[in-house]
file work-v3.pdb (PDB, C-alpha atoms)
ATOM      1  CA  MET A   1     -43.511  17.647  10.158  1.00  0.00           C
ATOM      2  CA  LYS A   2     -42.740  17.267   6.432  1.00  0.00           C
ATOM      3  CA  LYS A   3     -39.798  19.652   6.781  1.00  0.00           C
ATOM      4  CA  ALA A   4     -38.386  17.620   9.674  1.00  0.00           C
ATOM      5  CA  ILE A   5     -38.668  14.377   7.697  1.00  0.00           C
ATOM      6  CA  LEU A   6     -37.085  16.002   4.631  1.00  0.00           C
ATOM      7  CA  LYS A   7     -34.244  17.351   6.763  1.00  0.00           C
ATOM      8  CA  LEU A   8     -33.678  13.909   8.307  1.00  0.00           C
ATOM      9  CA  CYS A   9     -33.652  12.311   4.843  1.00  0.00           C
ATOM     10  CA  LEU A  10     -31.003  14.781   3.711  1.00  0.00           C
ATOM     11  CA  ILE A  11     -28.827  14.683   6.828  1.00  0.00           C
ATOM     12  CA  ALA A  12     -28.864  10.908   7.497  1.00  0.00           C
ATOM     13  CA  PRO A  13     -27.023   9.929   4.276  1.00  0.00           C
ATOM     14  CA  LEU A  14     -24.441  12.672   4.895  1.00  0.00           C
ATOM     15  CA  SER A  15     -23.787  11.394   8.401  1.00  0.00           C
ATOM     16  CA  LEU A  16     -23.288   7.876   7.036  1.00  0.00           C
ATOM     17  CA  LEU A  17     -20.689   9.212   4.614  1.00  0.00           C
ATOM     18  CA  ALA A  18     -18.959  11.083   7.407  1.00  0.00           C
ATOM     19  CA  ASN A  19     -18.716   7.843   9.390  1.00  0.00           C
ATOM     20  CA  ALA A  20     -17.478   5.795   6.413  1.00  0.00           C
ATOM     21  CA  LYS A  21     -14.033   4.349   6.976  1.00  0.00           C
ATOM     22  CA  THR A  22     -11.481   5.335   4.363  1.00  0.00           C
ATOM     23  CA  ILE A  23      -9.003   2.838   2.996  1.00  0.00           C
ATOM     24  CA  GLU A  24      -6.070   3.708   0.737  1.00  0.00           C
ATOM     25  CA  VAL A  25      -5.478   0.931  -1.812  1.00  0.00           C
ATOM     26  CA  TYR A  26      -2.197   0.532  -3.699  1.00  0.00           C
ATOM     27  CA  GLU A  27      -2.364  -1.691  -6.761  1.00  0.00           C
ATOM     28  CA  SER A  28      -0.927  -2.369 -10.185  1.00  0.00           C
ATOM     29  CA  PRO A  29      -2.534  -0.312 -12.973  1.00  0.00           C
ATOM     30  CA  THR A  30      -3.482  -3.537 -14.775  1.00  0.00           C
ATOM     31  CA  CYS A  31      -4.977  -5.653 -11.967  1.00  0.00           C
ATOM     32  CA  GLY A  32      -8.687  -6.339 -12.471  1.00  0.00           C
ATOM     33  CA  CYS A  33      -9.210  -8.460  -9.353  1.00  0.00           C
ATOM     34  CA  CYS A  34      -7.958  -5.557  -7.217  1.00  0.00           C
ATOM     35  CA  ASP A  35     -10.735  -3.399  -8.656  1.00  0.00           C
ATOM     36  CA  LEU A  36     -13.280  -6.116  -7.839  1.00  0.00           C
ATOM     37  CA  TRP A  37     -12.075  -6.169  -4.216  1.00  0.00           C
ATOM     38  CA  VAL A  38     -12.352  -2.357  -4.099  1.00  0.00           C
ATOM     39  CA  PHE A  39     -15.942  -2.608  -5.362  1.00  0.00           C
ATOM     40  CA  TYR A  40     -16.674  -5.240  -2.670  1.00  0.00           C
ATOM     41  CA  MET A  41     -15.313  -2.904   0.027  1.00  0.00           C
ATOM     42  CA  GLN A  42     -17.334   0.018  -1.326  1.00  0.00           C
ATOM     43  CA  LYS A  43     -20.498  -2.105  -1.155  1.00  0.00           C
ATOM     44  CA  LYS A  44     -19.607  -2.792   2.488  1.00  0.00           C
ATOM     45  CA  GLY A  45     -19.625   0.968   3.169  1.00  0.00           C
ATOM     46  CA  TYR A  46     -15.956   1.901   2.894  1.00  0.00           C
ATOM     47  CA  LYS A  47     -14.654   4.927   1.058  1.00  0.00           C
ATOM     48  CA  VAL A  48     -11.745   3.733  -1.074  1.00  0.00           C
ATOM     49  CA  ASN A  49      -8.982   5.870  -2.535  1.00  0.00           C
ATOM     50  CA  ILE A  50      -7.210   3.927  -5.283  1.00  0.00           C
ATOM     51  CA  HIS A  51      -3.544   4.472  -6.081  1.00  0.00           C
ATOM     52  CA  LYS A  52      -2.684   2.684  -9.331  1.00  0.00           C
ATOM     53  CA  THR A  53       1.083   2.592  -9.571  1.00  0.00           C
ATOM     54  CA  ASN A  54       3.904   0.439 -10.879  1.00  0.00           C
ATOM     55  CA  ASP A  55       5.632   1.064  -7.529  1.00  0.00           C
ATOM     56  CA  PHE A  56       2.935  -0.643  -5.441  1.00  0.00           C
ATOM     57  CA  LEU A  57       5.576  -2.949  -3.938  1.00  0.00           C
ATOM     58  CA  ASN A  58       7.032   0.043  -2.064  1.00  0.00           C
ATOM     59  CA  ILE A  59       4.034   0.166   0.264  1.00  0.00           C
ATOM     60  CA  LYS A  60       4.605  -3.505   1.147  1.00  0.00           C
ATOM     61  CA  GLU A  61       8.214  -2.702   2.052  1.00  0.00           C
ATOM     62  CA  LYS A  62       7.195   0.394   4.013  1.00  0.00           C
ATOM     63  CA  TYR A  63       4.776  -1.640   6.159  1.00  0.00           C
ATOM     64  CA  LYS A  64       7.254  -4.547   6.447  1.00  0.00           C
ATOM     65  CA  ILE A  65       4.889  -7.095   4.922  1.00  0.00           C
ATOM     66  CA  ASN A  66       6.693 -10.419   4.750  1.00  0.00           C
ATOM     67  CA  PRO A  67       6.835 -11.687   1.124  1.00  0.00           C
ATOM     68  CA  TYR A  68       5.098 -14.920   2.232  1.00  0.00           C
ATOM     69  CA  TYR A  69       2.026 -12.903   3.242  1.00  0.00           C
ATOM     70  CA  GLN A  70       1.836 -10.668   0.161  1.00  0.00           C
ATOM     71  CA  SER A  71      -0.858 -10.480  -2.463  1.00  0.00           C
ATOM     72  CA  CYS A  72      -1.693  -8.298  -5.455  1.00  0.00           C
ATOM     73  CA  HIS A  73      -2.768  -5.149  -3.602  1.00  0.00           C
ATOM     74  CA  THR A  74      -2.305  -3.478  -0.232  1.00  0.00           C
ATOM     75  CA  GLY A  75      -4.803  -1.360   1.632  1.00  0.00           C
ATOM     76  CA  ILE A  76      -3.944   0.968   4.489  1.00  0.00           C
ATOM     77  CA  ILE A  77      -6.553   1.904   7.072  1.00  0.00           C
ATOM     78  CA  ASP A  78      -6.070   3.318  10.572  1.00  0.00           C
ATOM     79  CA  GLY A  79      -2.354   2.490  10.354  1.00  0.00           C
ATOM     80  CA  TYR A  80      -2.951  -1.192   9.538  1.00  0.00           C
ATOM     81  CA  ALA A  81      -2.022  -2.972   6.294  1.00  0.00           C
ATOM     82  CA  ILE A  82      -4.745  -4.972   4.572  1.00  0.00           C
ATOM     83  CA  GLU A  83      -2.967  -7.363   2.236  1.00  0.00           C
ATOM     84  CA  GLY A  84      -4.939  -8.910  -0.596  1.00  0.00           C
ATOM     85  CA  HIS A  85      -8.476 -10.196  -0.804  1.00  0.00           C
ATOM     86  CA  VAL A  86      -9.353 -10.008   2.896  1.00  0.00           C
ATOM     87  CA  PRO A  87     -13.067 -10.317   3.776  1.00  0.00           C
ATOM     88  CA  GLU A  88     -14.591  -7.200   5.307  1.00  0.00           C
ATOM     89  CA  ASP A  89     -15.636  -8.846   8.596  1.00  0.00           C
ATOM     90  CA  ALA A  90     -11.973  -9.682   9.330  1.00  0.00           C
ATOM     91  CA  ILE A  91     -11.029  -6.046   8.681  1.00  0.00           C
ATOM     92  CA  SER A  92     -13.878  -4.903  10.902  1.00  0.00           C
ATOM     93  CA  TRP A  93     -12.594  -7.178  13.695  1.00  0.00           C
ATOM     94  CA  LEU A  94      -9.079  -5.752  13.289  1.00  0.00           C
ATOM     95  CA  LEU A  95     -10.307  -2.152  13.441  1.00  0.00           C
ATOM     96  CA  SER A  96     -12.512  -2.756  16.466  1.00  0.00           C
ATOM     97  CA  HIS A  97      -9.896  -4.708  18.474  1.00  0.00           C
ATOM     98  CA  LYS A  98      -6.757  -2.813  17.360  1.00  0.00           C
ATOM     99  CA  PRO A  99      -4.235  -5.430  18.524  1.00  0.00           C
ATOM    100  CA  LYS A 100      -0.929  -3.738  19.391  1.00  0.00           C
ATOM    101  CA  ASP A 101       1.397  -6.498  18.137  1.00  0.00           C
ATOM    102  CA  VAL A 102      -0.212  -6.589  14.658  1.00  0.00           C
ATOM    103  CA  ILE A 103       0.821  -4.653  11.526  1.00  0.00           C
ATOM    104  CA  GLY A 104      -2.163  -5.841   9.554  1.00  0.00           C
ATOM    105  CA  ILE A 105      -4.211  -8.686   8.157  1.00  0.00           C
ATOM    106  CA  SER A 106      -3.711 -10.761   5.020  1.00  0.00           C
ATOM    107  CA  ALA A 107      -5.283 -13.309   2.720  1.00  0.00           C
ATOM    108  CA  PRO A 108      -1.914 -14.455   1.318  1.00  0.00           C
ATOM    109  CA  GLY A 109      -1.711 -15.081  -2.405  1.00  0.00           C
ATOM    110  CA  MET A 110      -4.920 -14.813  -4.373  1.00  0.00           C
ATOM    111  CA  PRO A 111      -7.342 -17.431  -2.967  1.00  0.00           C
ATOM    112  CA  GLN A 112     -10.047 -18.568  -5.373  1.00  0.00           C
ATOM    113  CA  GLY A 113     -13.473 -17.430  -4.232  1.00  0.00           C
ATOM    114  CA  SER A 114     -12.183 -14.741  -1.865  1.00  0.00           C
ATOM    115  CA  PRO A 115     -13.722 -11.257  -2.304  1.00  0.00           C
ATOM    116  CA  GLY A 116     -12.691 -10.052  -5.758  1.00  0.00           C
ATOM    117  CA  MET A 117     -11.559 -13.519  -6.834  1.00  0.00           C
ATOM    118  CA  GLU A 118     -14.986 -15.052  -7.413  1.00  0.00           C
ATOM    119  CA  GLN A 119     -14.595 -17.280 -10.473  1.00  0.00           C
ATOM    120  CA  GLY A 120     -17.041 -20.102  -9.814  1.00  0.00           C
ATOM    121  CA  TYR A 121     -14.808 -22.064  -7.439  1.00  0.00           C
ATOM    122  CA  GLU A 122     -14.239 -21.368  -3.736  1.00  0.00           C
ATOM    123  CA  GLU A 123     -11.292 -22.776  -1.875  1.00  0.00           C
ATOM    124  CA  GLU A 124     -10.872 -22.681   1.877  1.00  0.00           C
ATOM    125  CA  TYR A 125      -8.129 -20.211   2.767  1.00  0.00           C
ATOM    126  CA  PRO A 126      -6.533 -18.695   5.865  1.00  0.00           C
ATOM    127  CA  VAL A 127      -6.752 -15.052   6.837  1.00  0.00           C
ATOM    128  CA  ILE A 128      -3.768 -14.201   8.989  1.00  0.00           C
ATOM    129  CA  LEU A 129      -2.752 -11.508  11.420  1.00  0.00           C
ATOM    130  CA  MET A 130       0.688 -10.206  10.427  1.00  0.00           C
ATOM    131  CA  LEU A 131       2.720  -9.561  13.562  1.00  0.00           C
ATOM    132  CA  LYS A 132       5.322  -6.849  14.110  1.00  0.00           C
ATOM    133  CA  ASP A 133       8.054  -9.455  14.641  1.00  0.00           C
ATOM    134  CA  GLY A 134       7.496 -10.851  11.111  1.00  0.00           C
ATOM    135  CA  SER A 135       5.566 -13.931  12.213  1.00  0.00           C
ATOM    136  CA  TYR A 136       1.816 -14.488  11.967  1.00  0.00           C
ATOM    137  CA  LYS A 137      -1.217 -15.946  13.693  1.00  0.00           C
ATOM    138  CA  ILE A 138      -4.152 -17.445  11.849  1.00  0.00           C
ATOM    139  CA  TYR A 139      -7.266 -15.375  12.500  1.00  0.00           C
ATOM    140  CA  ALA A 140      -9.727 -17.685  10.722  1.00  0.00           C
ATOM    141  CA  TYR A 141     -10.313 -19.909   7.718  1.00  0.00           C
ATOM    142  CA  TYR A 142     -12.729 -18.649   5.089  1.00  0.00           C
ATOM    143  CA  LYS A 143     -14.593 -19.901   2.078  1.00  0.00           C
ATOM    144  CA  GLY A 144     -15.742 -16.972  -0.032  1.00  0.00           C
ATOM    145  CA  ASP A 145     -16.272 -14.189   2.488  1.00  0.00           C
ATOM    146  CA  LYS A 146     -17.713 -16.478   5.168  1.00  0.00           C
ATOM    147  CA  ILE A 147     -15.822 -17.883   8.136  1.00  0.00           C
ATOM    148  CA  VAL A 148     -15.495 -21.661   8.030  1.00  0.00           C
ATOM    149  CA  ARG A 149     -13.720 -21.823  11.376  1.00  0.00           C
ATOM    150  CA  LYS A 150     -12.289 -19.154  13.629  1.00  0.00           C
ATOM    151  CA  VAL A 151      -8.904 -19.692  15.230  1.00  0.00           C
ATOM    152  CA  LYS A 152      -8.032 -16.387  16.959  1.00  0.00           C
TER
END

call {"tool": "encode", "arguments": {"input": "work-v3.pdb", "output": "structure tokens"}}
result
Amino acid sequence: MKKAILKLCLIAPLSLLANAKTIEVYESPTCGCCDLWVFYMQKKGYKVNIHKTNDFLNIKEKYKINPYYQSCHTGIIDGYAIEGHVPEDAISWLLSHKPKDVIGISAPGMPQGSPGMEQGYEEEYPVILMLKDGSYKIYAYYKGDKIVRKVK
């Protein structure tokens, strides 16, 4: 019985790691808030590979992220772009629904109080679905990493 419990204790954490979603994050070498967002995502169970580069704007061009929707870092997961300080539950929704007309999800700019931008003040901000045609739809409004009102 003890051997079975020990085996379960050793295998369970490994299976959780195997199921962890991996996100590739492209950011400036000097951006501290990007690192805070990465830490937030790691706490939410994601494996994050960080690419610190002065050419981080290239990934935005590659994924056709409209300049109006851009932020300080871009994540790529399952073929979708995650632009800026997007809360994890919005990313989880995107990955579970996999909308075909969407290139990714964004918290445009650097909203105060969004994950990685916690500085004592939280503003309400939109999280948007970036569409393949260059337009967008508002997914929800957030304050911090909590939905204030859902639109989509």

call {"tool": "resolve_selection", "arguments": {"input": "work-v3.pdb", "expression": "the PyMOL selection byres ((chain A and resi 34) around 12)", "output": "number ranges by chain"}}
result
A: 25-33, 35-41, 48, 50-52, 71-75, 83-86, 110, 114-118

call {"tool": "write_last_selection", "arguments": {"input": "work-v3.pdb", "atoms": "C-alpha atoms", "output": "PDB file, in the frame of the given file"}}
result
ATOM      1  CA  VAL A  25      -5.478   0.931  -1.812  1.00  0.00           C
ATOM      2  CA  TYR A  26      -2.197   0.532  -3.699  1.00  0.00           C
ATOM      3  CA  GLU A  27      -2.364  -1.691  -6.761  1.00  0.00           C
ATOM      4  CA  SER A  28      -0.927  -2.369 -10.185  1.00  0.00           C
ATOM      5  CA  PRO A  29      -2.534  -0.312 -12.973  1.00  0.00           C
ATOM      6  CA  THR A  30      -3.482  -3.537 -14.775  1.00  0.00           C
ATOM      7  CA  CYS A  31      -4.977  -5.653 -11.967  1.00  0.00           C
ATOM      8  CA  GLY A  32      -8.687  -6.339 -12.471  1.00  0.00           C
ATOM      9  CA  CYS A  33      -9.210  -8.460  -9.353  1.00  0.00           C
ATOM     10  CA  ASP A  35     -10.735  -3.399  -8.656  1.00  0.00           C
ATOM     11  CA  LEU A  36     -13.280  -6.116  -7.839  1.00  0.00           C
ATOM     12  CA  TRP A  37     -12.075  -6.169  -4.216  1.00  0.00           C
ATOM     13  CA  VAL A  38     -12.352  -2.357  -4.099  1.00  0.00           C
ATOM     14  CA  PHE A  39     -15.942  -2.608  -5.362  1.00  0.00           C
ATOM     15  CA  TYR A  40     -16.674  -5.240  -2.670  1.00  0.00           C
ATOM     16  CA  MET A  41     -15.313  -2.904   0.027  1.00  0.00           C
ATOM     17  CA  VAL A  48     -11.745   3.733  -1.074  1.00  0.00           C
ATOM     18  CA  ILE A  50      -7.210   3.927  -5.283  1.00  0.00           C
ATOM     19  CA  HIS A  51      -3.544   4.472  -6.081  1.00  0.00           C
ATOM     20  CA  LYS A  52      -2.684   2.684  -9.331  1.00  0.00           C
ATOM     21  CA  SER A  71      -0.858 -10.480  -2.463  1.00  0.00           C
ATOM     22  CA  CYS A  72      -1.693  -8.298  -5.455  1.00  0.00           C
ATOM     23  CA  HIS A  73      -2.768  -5.149  -3.602  1.00  0.00           C
ATOM     24  CA  THR A  74      -2.305  -3.478  -0.232  1.00  0.00           C
ATOM     25  CA  GLY A  75      -4.803  -1.360   1.632  1.00  0.00           C
ATOM     26  CA  GLU A  83      -2.967  -7.363   2.236  1.00  0.00           C
ATOM     27  CA  GLY A  84      -4.939  -8.910  -0.596  1.00  0.00           C
ATOM     28  CA  HIS A  85      -8.476 -10.196  -0.804  1.00  0.00           C
ATOM     29  CA  VAL A  86      -9.353 -10.008   2.896  1.00  0.00           C
ATOM     30  CA  MET A 110      -4.920 -14.813  -4.373  1.00  0.00           C
ATOM     31  CA  SER A 114     -12.183 -14.741  -1.865  1.00  0.00           C
ATOM     32  CA  PRO A 115     -13.722 -11.257  -2.304  1.00  0.00           C
ATOM     33  CA  GLY A 116     -12.691 -10.052  -5.758  1.00  0.00           C
ATOM     34  CA  MET A 117     -11.559 -13.519  -6.834  1.00  0.00           C
ATOM     35  CA  GLU A 118     -14.986 -15.052  -7.413  1.00  0.00           C
TER      36      GLU A 118
END

call {"tool": "resolve_selection", "arguments": {"input": "work-v3.pdb", "expression": "the PyMOL selection byres ((chain A and resi 23) around 6)", "output": "list in words"}}
result
Thr22, Glu24, Val48, Ile76 and Ile77 of chain A

call {"tool": "residues_around", "arguments": {"input": "work-v3.pdb", "residues": "Pro111 in chain A", "least_positions_apart": "2", "cutoff": "9 Å", "atoms": "only C-alpha atoms", "output": "MDAnalysis selection string"}}
result
chainID A and resid 85 107:109 113:115 117 122:126 144

call {"tool": "atom_distance", "arguments": {"input": "work-v3.pdb", "atom1": "CA of Tyr141 in chain A", "atom2": "CA of Val102 in chain A"}}
result
18.1 Å

call {"tool": "closest_residue", "arguments": {"input": "work-v3.pdb", "among": "A:Gln42, A:Ser92, A:Asn49, A:Ser106", "to": "Ile65 in chain A", "atoms": "only C-alpha atoms"}}
result
A:Ser106

call {"tool": "atom_distance", "arguments": {"input": "work-v3.pdb", "atom1": "CA of Ile147 in chain A", "atom2": "CA of Gly79 in chain A"}}
result
24.5 Å

call {"tool": "atom_distance", "arguments": {"input": "work-v3.pdb", "atom1": "CA of Lys150 in chain A", "atom2": "CA of Glu88 in chain A"}}
result
14.7 Å

call {"tool": "closest_residue", "arguments": {"input": "work-v3.pdb", "among": "A:Glu61, A:Asp55, A:Asp78, A:Asp145", "to": "Ala90 in chain A", "atoms": "all atoms listed in the file"}}
result
A:Asp145

call {"tool": "residues_around", "arguments": {"input": "work-v3.pdb", "residues": "Ser135 in chain A", "least_positions_apart": "5", "cutoff": "9 Å", "atoms": "all atoms listed in the file", "output": "tab-separated table (two decimals) with C-alpha atoms, in the coordinates of the input"}}
result
chain	number	residue	atom	x	y	z
A	66	ASN	CA	6.69	-10.42	4.75
A	129	LEU	CA	-2.75	-11.51	11.42
A	130	MET	CA	0.69	-10.21	10.43

call {"tool": "resolve_selection", "arguments": {"input": "work-v3.pdb", "expression": "the PyMOL selection byres ((chain A and resi 134) around 12)", "output": "short mmCIF file (atom, residue, chain, number, x, y, z; two decimals) with C-alpha atoms, in the coordinates of the input"}}
result
data_model
loop_
_atom_site.label_atom_id
_atom_site.label_comp_id
_atom_site.auth_asym_id
_atom_site.auth_seq_id
_atom_site.Cartn_x
_atom_site.Cartn_y
_atom_site.Cartn_z
CA TYR A 63 4.78 -1.64 6.16
CA LYS A 64 7.25 -4.55 6.45
CA ILE A 65 4.89 -7.10 4.92
CA ASN A 66 6.69 -10.42 4.75
CA PRO A 67 6.84 -11.69 1.12
CA TYR A 68 5.10 -14.92 2.23
CA TYR A 69 2.03 -12.90 3.24
CA ASP A 101 1.40 -6.50 18.14
CA VAL A 102 -0.21 -6.59 14.66
CA ILE A 103 0.82 -4.65 11.53
CA GLY A 104 -2.16 -5.84 9.55
CA ILE A 128 -3.77 -14.20 8.99
CA LEU A 129 -2.75 -11.51 11.42
CA MET A 130 0.69 -10.21 10.43
CA LEU A 131 2.72 -9.56 13.56
CA LYS A 132 5.32 -6.85 14.11
CA ASP A 133 8.05 -9.46 14.64
CA SER A 135 5.57 -13.93 12.21
CA TYR A 136 1.82 -14.49 11.97
CA LYS A 137 -1.22 -15.95 13.69
#

call {"tool": "closest_residue", "arguments": {"input": "work-v3.pdb", "among": "A:Lys60, A:Val151, A:Tyr80, A:Pro87", "to": "Lys100 in chain A", "atoms": "all atoms listed in the file"}}
result
A:Tyr80
